[in-house]
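**Student:** Sharing query-v9.pdb here; it has PDB, C-alpha atoms and all ligand atoms.
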```
ATOM      1  CA  MET A  11       8.517  -0.660  21.428  1.00  0.00           C
ATOM      2  CA  ASN A  12       5.504  -1.258  23.637  1.00  0.00           C
ATOM      3  CA  ASN A  13       3.527  -4.522  23.863  1.00  0.00           C
ATOM      4  CA  THR A  14       1.269  -3.627  20.974  1.00  0.00           C
ATOM      5  CA  ASP A  15       4.303  -2.765  18.813  1.00  0.00           C
ATOM      6  CA  ASN A  16       5.808  -6.155  19.568  1.00  0.00           C
ATOM      7  CA  ASN A  17       2.557  -7.978  18.784  1.00  0.00           C
ATOM      8  CA  PRO A  18       0.583  -5.973  16.251  1.00  0.00           C
ATOM      9  CA  ASN A  19      -2.974  -7.125  15.640  1.00  0.00           C
ATOM     10  CA  TYR A  20      -2.506  -7.782  11.923  1.00  0.00           C
ATOM     11  CA  LYS A  21      -5.994  -9.244  11.529  1.00  0.00           C
ATOM     12  CA  LYS A  22      -7.602  -6.180  13.039  1.00  0.00           C
ATOM     13  CA  ILE A  23      -5.518  -3.824  10.881  1.00  0.00           C
ATOM     14  CA  TYR A  24      -6.445  -5.843   7.810  1.00  0.00           C
ATOM     15  CA  GLN A  25     -10.122  -5.728   8.767  1.00  0.00           C
ATOM     16  CA  ILE A  26      -9.988  -1.928   9.090  1.00  0.00           C
ATOM     17  CA  VAL A  27      -8.250  -1.617   5.710  1.00  0.00           C
ATOM     18  CA  LYS A  28     -10.844  -3.897   4.150  1.00  0.00           C
ATOM     19  CA  ASP A  29     -13.725  -1.861   5.605  1.00  0.00           C
ATOM     20  CA  GLU A  30     -12.178   1.394   4.381  1.00  0.00           C
ATOM     21  CA  PHE A  31     -11.728   0.103   0.847  1.00  0.00           C
ATOM     22  CA  LEU A  32     -15.280  -1.246   0.800  1.00  0.00           C
ATOM     23  CA  LYS A  33     -16.599   2.258   1.541  1.00  0.00           C
ATOM     24  CA  THR A  34     -15.021   3.655  -1.631  1.00  0.00           C
ATOM     25  CA  GLU A  35     -16.422   3.772  -5.144  1.00  0.00           C
ATOM     26  CA  LEU A  36     -13.240   2.494  -6.692  1.00  0.00           C
ATOM     27  CA  PHE A  37     -12.077  -0.456  -4.723  1.00  0.00           C
ATOM     28  CA  PHE A  38     -13.786  -3.571  -3.619  1.00  0.00           C
ATOM     29  CA  SER A  39     -12.756  -6.553  -1.613  1.00  0.00           C
ATOM     30  CA  GLY A  40     -12.429  -9.186  -4.307  1.00  0.00           C
ATOM     31  CA  PRO A  41      -9.706 -11.779  -4.707  1.00  0.00           C
ATOM     32  CA  PHE A  42      -7.669  -9.594  -7.066  1.00  0.00           C
ATOM     33  CA  ASP A  43      -8.386  -6.223  -5.544  1.00  0.00           C
ATOM     34  CA  GLU A  44      -6.662  -3.909  -3.103  1.00  0.00           C
ATOM     35  CA  THR A  45      -7.172  -5.658   0.203  1.00  0.00           C
ATOM     36  CA  TYR A  46      -6.124  -9.012  -1.169  1.00  0.00           C
ATOM     37  CA  TYR A  47      -3.137  -7.303  -2.730  1.00  0.00           C
ATOM     38  CA  SER A  48      -2.085  -5.873   0.672  1.00  0.00           C
ATOM     39  CA  LEU A  49      -2.057  -9.416   2.002  1.00  0.00           C
ATOM     40  CA  ARG A  50       0.122 -10.595  -0.872  1.00  0.00           C
ATOM     41  CA  VAL A  51       2.646  -7.865  -0.020  1.00  0.00           C
ATOM     42  CA  HIS A  52       2.415  -8.802   3.679  1.00  0.00           C
ATOM     43  CA  GLU A  53       3.166 -12.470   2.880  1.00  0.00           C
ATOM     44  CA  MET A  54       5.968 -11.513   0.503  1.00  0.00           C
ATOM     45  CA  VAL A  55       7.619  -9.404   3.231  1.00  0.00           C
ATOM     46  CA  LYS A  56       7.655 -12.484   5.470  1.00  0.00           C
ATOM     47  CA  GLU A  57       9.352 -14.536   2.768  1.00  0.00           C
ATOM     48  CA  ILE A  58      11.999 -11.904   2.053  1.00  0.00           C
ATOM     49  CA  ILE A  59      12.795 -11.486   5.758  1.00  0.00           C
ATOM     50  CA  GLU A  60      13.171 -15.244   6.096  1.00  0.00           C
ATOM     51  CA  GLN A  61      15.606 -15.306   3.188  1.00  0.00           C
ATOM     52  CA  ILE A  62      17.834 -12.375   4.107  1.00  0.00           C
ATOM     53  CA  LYS A  63      18.158 -13.291   7.796  1.00  0.00           C
ATOM     54  CA  ASP A  64      19.223  -9.708   8.512  1.00  0.00           C
ATOM     55  CA  ASN A  65      18.146  -7.796  11.563  1.00  0.00           C
ATOM     56  CA  CYS A  66      15.322  -5.512  10.642  1.00  0.00           C
ATOM     57  CA  LYS A  67      12.190  -3.989  12.079  1.00  0.00           C
ATOM     58  CA  VAL A  68       9.922  -6.879  11.178  1.00  0.00           C
ATOM     59  CA  GLN A  69       6.688  -5.683  12.796  1.00  0.00           C
ATOM     60  CA  GLN A  70       6.935  -2.248  11.226  1.00  0.00           C
ATOM     61  CA  ILE A  71       7.334  -3.656   7.708  1.00  0.00           C
ATOM     62  CA  LEU A  72       4.544  -6.193   8.175  1.00  0.00           C
ATOM     63  CA  VAL A  73       2.158  -3.506   9.417  1.00  0.00           C
ATOM     64  CA  ALA A  74       3.213  -1.125   6.627  1.00  0.00           C
ATOM     65  CA  ALA A  75       2.595  -3.871   4.056  1.00  0.00           C
ATOM     66  CA  ILE A  76      -1.075  -4.064   5.029  1.00  0.00           C
ATOM     67  CA  LEU A  77      -1.489  -0.290   5.186  1.00  0.00           C
ATOM     68  CA  HIS A  78       0.791   0.871   2.373  1.00  0.00           C
ATOM     69  CA  ASP A  79      -1.933   1.583  -0.212  1.00  0.00           C
ATOM     70  CA  ILE A  80      -4.624   2.855   2.172  1.00  0.00           C
ATOM     71  CA  GLY A  81      -4.180   6.394   0.753  1.00  0.00           C
ATOM     72  CA  LYS A  82      -5.958   5.197  -2.392  1.00  0.00           C
ATOM     73  CA  ILE A  83      -9.275   5.613  -0.554  1.00  0.00           C
ATOM     74  CA  LYS A  84      -8.685   9.393  -0.609  1.00  0.00           C
ATOM     75  CA  LEU A  85      -7.934   9.701  -4.329  1.00  0.00           C
ATOM     76  CA  ASP A  86     -10.130  12.084  -6.278  1.00  0.00           C
ATOM     77  CA  VAL A  87     -12.397   9.824  -8.297  1.00  0.00           C
ATOM     78  CA  SER A  88     -13.179  12.533 -10.862  1.00  0.00           C
ATOM     79  CA  ARG A  89      -9.498  12.874 -11.736  1.00  0.00           C
ATOM     80  CA  LEU A  90      -9.084   9.119 -12.092  1.00  0.00           C
ATOM     81  CA  PHE A  91     -12.343   8.284 -13.796  1.00  0.00           C
ATOM     82  CA  ASP A  92     -12.891  10.987 -16.383  1.00  0.00           C
ATOM     83  CA  SER A  93     -11.851   9.380 -19.634  1.00  0.00           C
ATOM     84  CA  ASN A  94     -11.719  12.808 -21.324  1.00  0.00           C
ATOM     85  CA  LYS A  95      -8.949  13.968 -19.062  1.00  0.00           C
ATOM     86  CA  LYS A  96      -5.341  13.354 -19.916  1.00  0.00           C
ATOM     87  CA  LEU A  97      -3.656  10.253 -18.588  1.00  0.00           C
ATOM     88  CA  ASP A  98      -1.181  12.561 -16.798  1.00  0.00           C
ATOM     89  CA  THR A  99      -4.006  13.816 -14.598  1.00  0.00           C
ATOM     90  CA  ALA A 100      -4.818  10.295 -13.495  1.00  0.00           C
ATOM     91  CA  GLN A 101      -1.144   9.537 -12.972  1.00  0.00           C
ATOM     92  CA  ASP A 102      -0.628  12.692 -10.873  1.00  0.00           C
ATOM     93  CA  GLU A 103      -3.611  11.797  -8.769  1.00  0.00           C
ATOM     94  CA  TRP A 104      -2.455   8.197  -8.414  1.00  0.00           C
ATOM     95  CA  ASN A 105       1.004   9.343  -7.265  1.00  0.00           C
ATOM     96  CA  LYS A 106      -0.546  11.071  -4.257  1.00  0.00           C
ATOM     97  CA  HIS A 107      -1.648   7.846  -2.562  1.00  0.00           C
ATOM     98  CA  PRO A 108       1.545   7.169  -0.522  1.00  0.00           C
ATOM     99  CA  LYS A 109       1.416  10.576   1.203  1.00  0.00           C
ATOM    100  CA  LEU A 110      -2.369  10.462   1.566  1.00  0.00           C
ATOM    101  CA  GLY A 111      -2.023   7.179   3.412  1.00  0.00           C
ATOM    102  CA  VAL A 112       0.108   8.618   6.200  1.00  0.00           C
ATOM    103  CA  PRO A 113      -2.553  10.407   8.300  1.00  0.00           C
ATOM    104  CA  ILE A 114      -4.982   7.518   7.833  1.00  0.00           C
ATOM    105  CA  ALA A 115      -2.425   4.945   9.000  1.00  0.00           C
ATOM    106  CA  LYS A 116      -1.397   7.199  11.877  1.00  0.00           C
ATOM    107  CA  GLU A 117      -4.975   7.433  13.142  1.00  0.00           C
ATOM    108  CA  ILE A 118      -5.549   3.676  12.868  1.00  0.00           C
ATOM    109  CA  LEU A 119      -2.321   2.803  14.685  1.00  0.00           C
ATOM    110  CA  GLU A 120      -2.864   5.399  17.409  1.00  0.00           C
ATOM    111  CA  LYS A 121      -6.295   3.930  18.141  1.00  0.00           C
ATOM    112  CA  LEU A 122      -4.769   0.469  18.399  1.00  0.00           C
ATOM    113  CA  GLY A 123      -2.241   1.697  20.960  1.00  0.00           C
ATOM    114  CA  HIS A 124       1.041   1.724  19.041  1.00  0.00           C
ATOM    115  CA  SER A 125       3.869   3.960  20.206  1.00  0.00           C
ATOM    116  CA  GLU A 126       4.727   7.214  18.458  1.00  0.00           C
ATOM    117  CA  GLU A 127       8.111   5.876  17.396  1.00  0.00           C
ATOM    118  CA  PHE A 128       6.562   2.759  15.852  1.00  0.00           C
ATOM    119  CA  ILE A 129       3.929   4.820  14.031  1.00  0.00           C
ATOM    120  CA  ASP A 130       6.587   7.185  12.628  1.00  0.00           C
ATOM    121  CA  GLU A 131       8.573   4.246  11.308  1.00  0.00           C
ATOM    122  CA  VAL A 132       5.524   2.670   9.648  1.00  0.00           C
ATOM    123  CA  CYS A 133       4.511   6.037   8.178  1.00  0.00           C
ATOM    124  CA  TYR A 134       7.984   6.565   6.697  1.00  0.00           C
ATOM    125  CA  LEU A 135       7.558   3.254   4.855  1.00  0.00           C
ATOM    126  CA  ILE A 136       4.073   4.119   3.617  1.00  0.00           C
ATOM    127  CA  ALA A 137       5.047   7.640   2.510  1.00  0.00           C
ATOM    128  CA  ASN A 138       8.033   6.427   0.517  1.00  0.00           C
ATOM    129  CA  HIS A 139       6.912   3.067  -0.829  1.00  0.00           C
ATOM    130  CA  ASP A 140       6.736   4.458  -4.374  1.00  0.00           C
ATOM    131  CA  GLN A 141      10.099   6.256  -4.236  1.00  0.00           C
ATOM    132  CA  ARG A 142      12.095   3.961  -6.449  1.00  0.00           C
ATOM    133  CA  GLY A 143      15.416   4.264  -8.229  1.00  0.00           C
ATOM    134  CA  GLU A 144      17.216   7.547  -7.717  1.00  0.00           C
ATOM    135  CA  LYS A 145      14.249   9.356  -6.223  1.00  0.00           C
ATOM    136  CA  LEU A 146      15.410   8.606  -2.722  1.00  0.00           C
ATOM    137  CA  LYS A 147      19.160   8.619  -2.081  1.00  0.00           C
ATOM    138  CA  ILE A 148      19.181   6.846   1.244  1.00  0.00           C
ATOM    139  CA  LYS A 149      16.774   4.032   1.946  1.00  0.00           C
ATOM    140  CA  SER A 150      16.388   2.006   5.080  1.00  0.00           C
ATOM    141  CA  LEU A 151      16.597  -1.774   4.802  1.00  0.00           C
ATOM    142  CA  GLU A 152      12.937  -1.854   5.842  1.00  0.00           C
ATOM    143  CA  LEU A 153      11.934   0.346   2.900  1.00  0.00           C
ATOM    144  CA  LYS A 154      13.921  -1.784   0.466  1.00  0.00           C
ATOM    145  CA  ILE A 155      12.156  -4.898   1.731  1.00  0.00           C
ATOM    146  CA  LEU A 156       8.717  -3.322   1.407  1.00  0.00           C
ATOM    147  CA  GLN A 157       9.475  -2.061  -2.110  1.00  0.00           C
ATOM    148  CA  ASP A 158      10.736  -5.455  -3.241  1.00  0.00           C
ATOM    149  CA  ALA A 159       7.738  -7.195  -1.728  1.00  0.00           C
ATOM    150  CA  ASP A 160       5.434  -4.714  -3.479  1.00  0.00           C
ATOM    151  CA  LEU A 161       7.096  -5.425  -6.837  1.00  0.00           C
ATOM    152  CA  ILE A 162       7.097  -9.192  -6.474  1.00  0.00           C
ATOM    153  CA  ALA A 163       3.479  -9.272  -5.285  1.00  0.00           C
ATOM    154  CA  ASP A 164       2.502  -7.401  -8.417  1.00  0.00           C
ATOM    155  CA  CYS A 165       3.850 -10.222 -10.590  1.00  0.00           C
ATOM    156  CA  GLY A 166       1.926 -13.364 -11.354  1.00  0.00           C
ATOM    157  CA  PHE A 167      -1.739 -13.734 -12.155  1.00  0.00           C
ATOM    158  CA  ALA A 168      -3.127 -11.236  -9.648  1.00  0.00           C
ATOM    159  CA  GLY A 169      -0.712  -8.619 -10.946  1.00  0.00           C
ATOM    160  CA  PHE A 170      -1.697  -9.443 -14.491  1.00  0.00           C
ATOM    161  CA  ILE A 171      -5.399  -9.082 -13.841  1.00  0.00           C
ATOM    162  CA  ARG A 172      -5.210  -5.798 -11.862  1.00  0.00           C
ATOM    163  CA  PRO A 173      -4.629  -3.487 -14.847  1.00  0.00           C
ATOM    164  CA  PHE A 174      -7.759  -4.908 -16.462  1.00  0.00           C
ATOM    165  CA  LEU A 175      -9.755  -4.268 -13.295  1.00  0.00           C
ATOM    166  CA  TYR A 176      -8.470  -0.706 -13.201  1.00  0.00           C
ATOM    167  CA  GLY A 177      -9.067  -0.361 -16.914  1.00  0.00           C
ATOM    168  CA  SER A 178     -12.728  -1.169 -16.508  1.00  0.00           C
ATOM    169  CA  LYS A 179     -13.157   0.877 -13.315  1.00  0.00           C
ATOM    170  CA  PHE A 180     -11.453   3.936 -14.762  1.00  0.00           C
ATOM    171  CA  GLN A 181     -12.968   3.452 -18.206  1.00  0.00           C
ATOM    172  CA  ARG A 182      -9.544   3.488 -19.793  1.00  0.00           C
ATOM    173  CA  SER A 183      -7.416   1.318 -21.966  1.00  0.00           C
ATOM    174  CA  VAL A 184      -4.946  -0.821 -20.072  1.00  0.00           C
ATOM    175  CA  ILE A 185      -2.133   0.106 -22.476  1.00  0.00           C
ATOM    176  CA  GLY A 186      -2.389   3.786 -21.704  1.00  0.00           C
ATOM    177  CA  VAL A 187      -3.991   5.031 -24.912  1.00  0.00           C
ATOM    178  CA  GLN A 188      -7.199   6.975 -24.523  1.00  0.00           C
TER     179      GLN A 188
HETATM  180 FE    FE B   1       1.170   1.905  -3.774  1.00  0.00          FE
END
```
Give the structure from the file, written as structure tokens.
Ligand SMILES: [Fe+2]
**Tutor:**
Amino acid sequence: MNNTDNNPNYKKIYQIVKDEFLKTELFFSGPFDETYYSLRVHEMVKEIIEQIKDNCKVQQILVAAILHDIGKIKLDVSRLFDSNKKLDTAQDEWNKHPKLGVPIAKEILEKLGHSEEFIDEVCYLIANHDQRGEKLKIKSLELKILQDADLIADCGFAGFIRPFLYGSKFQRSVIGVQ
């Protein structure tokens, strides 16, 4: 852990994520949209860590929380938007976002001066944040915390409103019928 790893510039990372999302056709920076959602996950991670009082890699999870969905900026809009295509196509495309986020996060964190080890740990969390249930046999405590935070952040009003935002952006029904 170098100095930057010990004191990540969360605000700066958030600003970069916000700028990247704003450049896309799909995502904007509204109160219920992706960047705000990253912050909800970030805050939820803090609360979980406070509760469990276990030793874990706090900075890595907090950084991963802000960056975990950044791969969405690389999703193929035509596969998500075309209402004539099957829902499976959109789902397949959507499922790519964890892996797509890895090189983007790596580049951002390298520029900010994080160590290779730190970046690898954050990227592991980003790449696997959607691997729930039996998909991944062994999970680190850090990944479990991020996954729980992601689930909890999706509950409540913001989580309720998101499917409707996506529904209108993707021109699809929110209950999955075309
Ligand atoms: Fe995600």
**Student:** Residues of chain A that approach ligand FE 1 (chain B) to 8 Å or less, counting all atoms listed in the file: could you list each one with the shortest pair of atoms and its distance in Å to one decimal, rows by chain and increasing residue number, as a Markdown table?
**Tutor:**
```
| residue | atom | partner | partner_atom | distance |
| --- | --- | --- | --- | --- |
| A:His78 | CA | B:FE1 | FE | 6.2 |
| A:Asp79 | CA | B:FE1 | FE | 4.7 |
| A:Lys82 | CA | B:FE1 | FE | 8.0 |
| A:His107 | CA | B:FE1 | FE | 6.7 |
| A:Pro108 | CA | B:FE1 | FE | 6.2 |
| A:His139 | CA | B:FE1 | FE | 6.6 |
| A:Asp140 | CA | B:FE1 | FE | 6.2 |
| A:Asp160 | CA | B:FE1 | FE | 7.9 |
```
**Student:** Mind pulling up the distance from CA of Pro113 (chain A) to CA of Asp130 (chain A)?
**Tutor:**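 CA of Pro113 (chain A) lies 10.6 Å from CA of Asp130 (chain A).
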**Student:** Of the candidates A:Glu127, A:Ile83, A:Asp64, A:Glu44, which shows the shortest atom-to-atom distance to Ile114 (chain A), using only C-alpha atoms?
**Tutor:** A:Ile83
**Student:** What would the selection look like, as a PyMOL selection string, if the PyMOL selection byres (((chain A and resi 76) around 8) and not hetatm) were run on the coordinates I just shared?
**Tutor:** chain A and resi 20+23-24+27+45+48-49+51-52+72-75+77-79
**Student:** Store the residues picked out above, limited to C-alpha atoms, as a PDB file, in the frame of the given file.
**Tutor:**
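Contents of selection.pdb, freshly written:
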```pdb
ATOM      1  CA  TYR A  20      -2.506  -7.782  11.923  1.00  0.00           C
ATOM      2  CA  ILE A  23      -5.518  -3.824  10.881  1.00  0.00           C
ATOM      3  CA  TYR A  24      -6.445  -5.843   7.810  1.00  0.00           C
ATOM      4  CA  VAL A  27      -8.250  -1.617   5.710  1.00  0.00           C
ATOM      5  CA  THR A  45      -7.172  -5.658   0.203  1.00  0.00           C
ATOM      6  CA  SER A  48      -2.085  -5.873   0.672  1.00  0.00           C
ATOM      7  CA  LEU A  49      -2.057  -9.416   2.002  1.00  0.00           C
ATOM      8  CA  VAL A  51       2.646  -7.865  -0.020  1.00  0.00           C
ATOM      9  CA  HIS A  52       2.415  -8.802   3.679  1.00  0.00           C
ATOM     10  CA  LEU A  72       4.544  -6.193   8.175  1.00  0.00           C
ATOM     11  CA  VAL A  73       2.158  -3.506   9.417  1.00  0.00           C
ATOM     12  CA  ALA A  74       3.213  -1.125   6.627  1.00  0.00           C
ATOM     13  CA  ALA A  75       2.595  -3.871   4.056  1.00  0.00           C
ATOM     14  CA  LEU A  77      -1.489  -0.290   5.186  1.00  0.00           C
ATOM     15  CA  HIS A  78       0.791   0.871   2.373  1.00  0.00           C
ATOM     16  CA  ASP A  79      -1.933   1.583  -0.212  1.00  0.00           C
TER      17      ASP A  79
END
```
**Student:** For Lys109 (chain A), which of A:Asn12, A:Ser88, A:Gln61, A:Asn138 is the closest residue, counting all atoms listed in the file?
**Tutor:**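 Checking each candidate against Lys109 (chain A), we get A:Asn138 as the closest.
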**Student:** What does the distance between CA of Leu146 (chain A) and CA of Gly111 (chain A) come to in Å, to one decimal place?
**Tutor:**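 Separating CA of Leu146 (chain A) from CA of Gly111 (chain A) is a distance of 18.5 Å.
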**Student:** Let me make sure I understand: among A:Ile129, A:Asp164, A:Gln25, A:Trp104, which one has the smallest atom-to-atom distance to Lys116 (chain A) if we use only C-alpha atoms?
**Tutor:** A:Ile129
**Student:** Would you please work out which residue, of A:Asp86, A:Glu35, A:Glu53, A:Asp98, is nearest to Ile71 (chain A) when using all atoms listed in the file?
**Tutor:**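 Comparing A:Asp86, A:Glu35, A:Glu53, A:Asp98 against Ile71 (chain A), the winner is A:Glu53.
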**Student:** Go through A:Lys106, A:Gly143, A:Glu131, A:Leu122 one by one, measure the shortest atom-to-atom distance of each to Asn17 (chain A) using only C-alpha atoms, and give the residue with the smallest value.
**Tutor:** A:Leu122
**Student:** Mind giving me the straight-line distance from CA of Cys133 (chain A) to CA of Asp15 (chain A) in Å, one decimal?
**Tutor:**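 Pair CA of Cys133 (chain A) / CA of Asp15 (chain A) returns 13.8 Å.
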**Student:** Set the distance at 12 Å and use only C-alpha atoms: which residues neighbour Ile62 (chain A) once local chain neighbours fewer than 4 positions away are removed? I'd like the list as a ChimeraX atom specification.
**Tutor:** /A:55-58,66,68,151-152,154-155
**Student:** Can you turn the PyMOL selection byres (((chain A and resi 13) around 12) and not hetatm) into a concrete residue list for this file, as a PyMOL selection string?
**Tutor:** chain A and resi 11-12+14-19+69+122-125+128
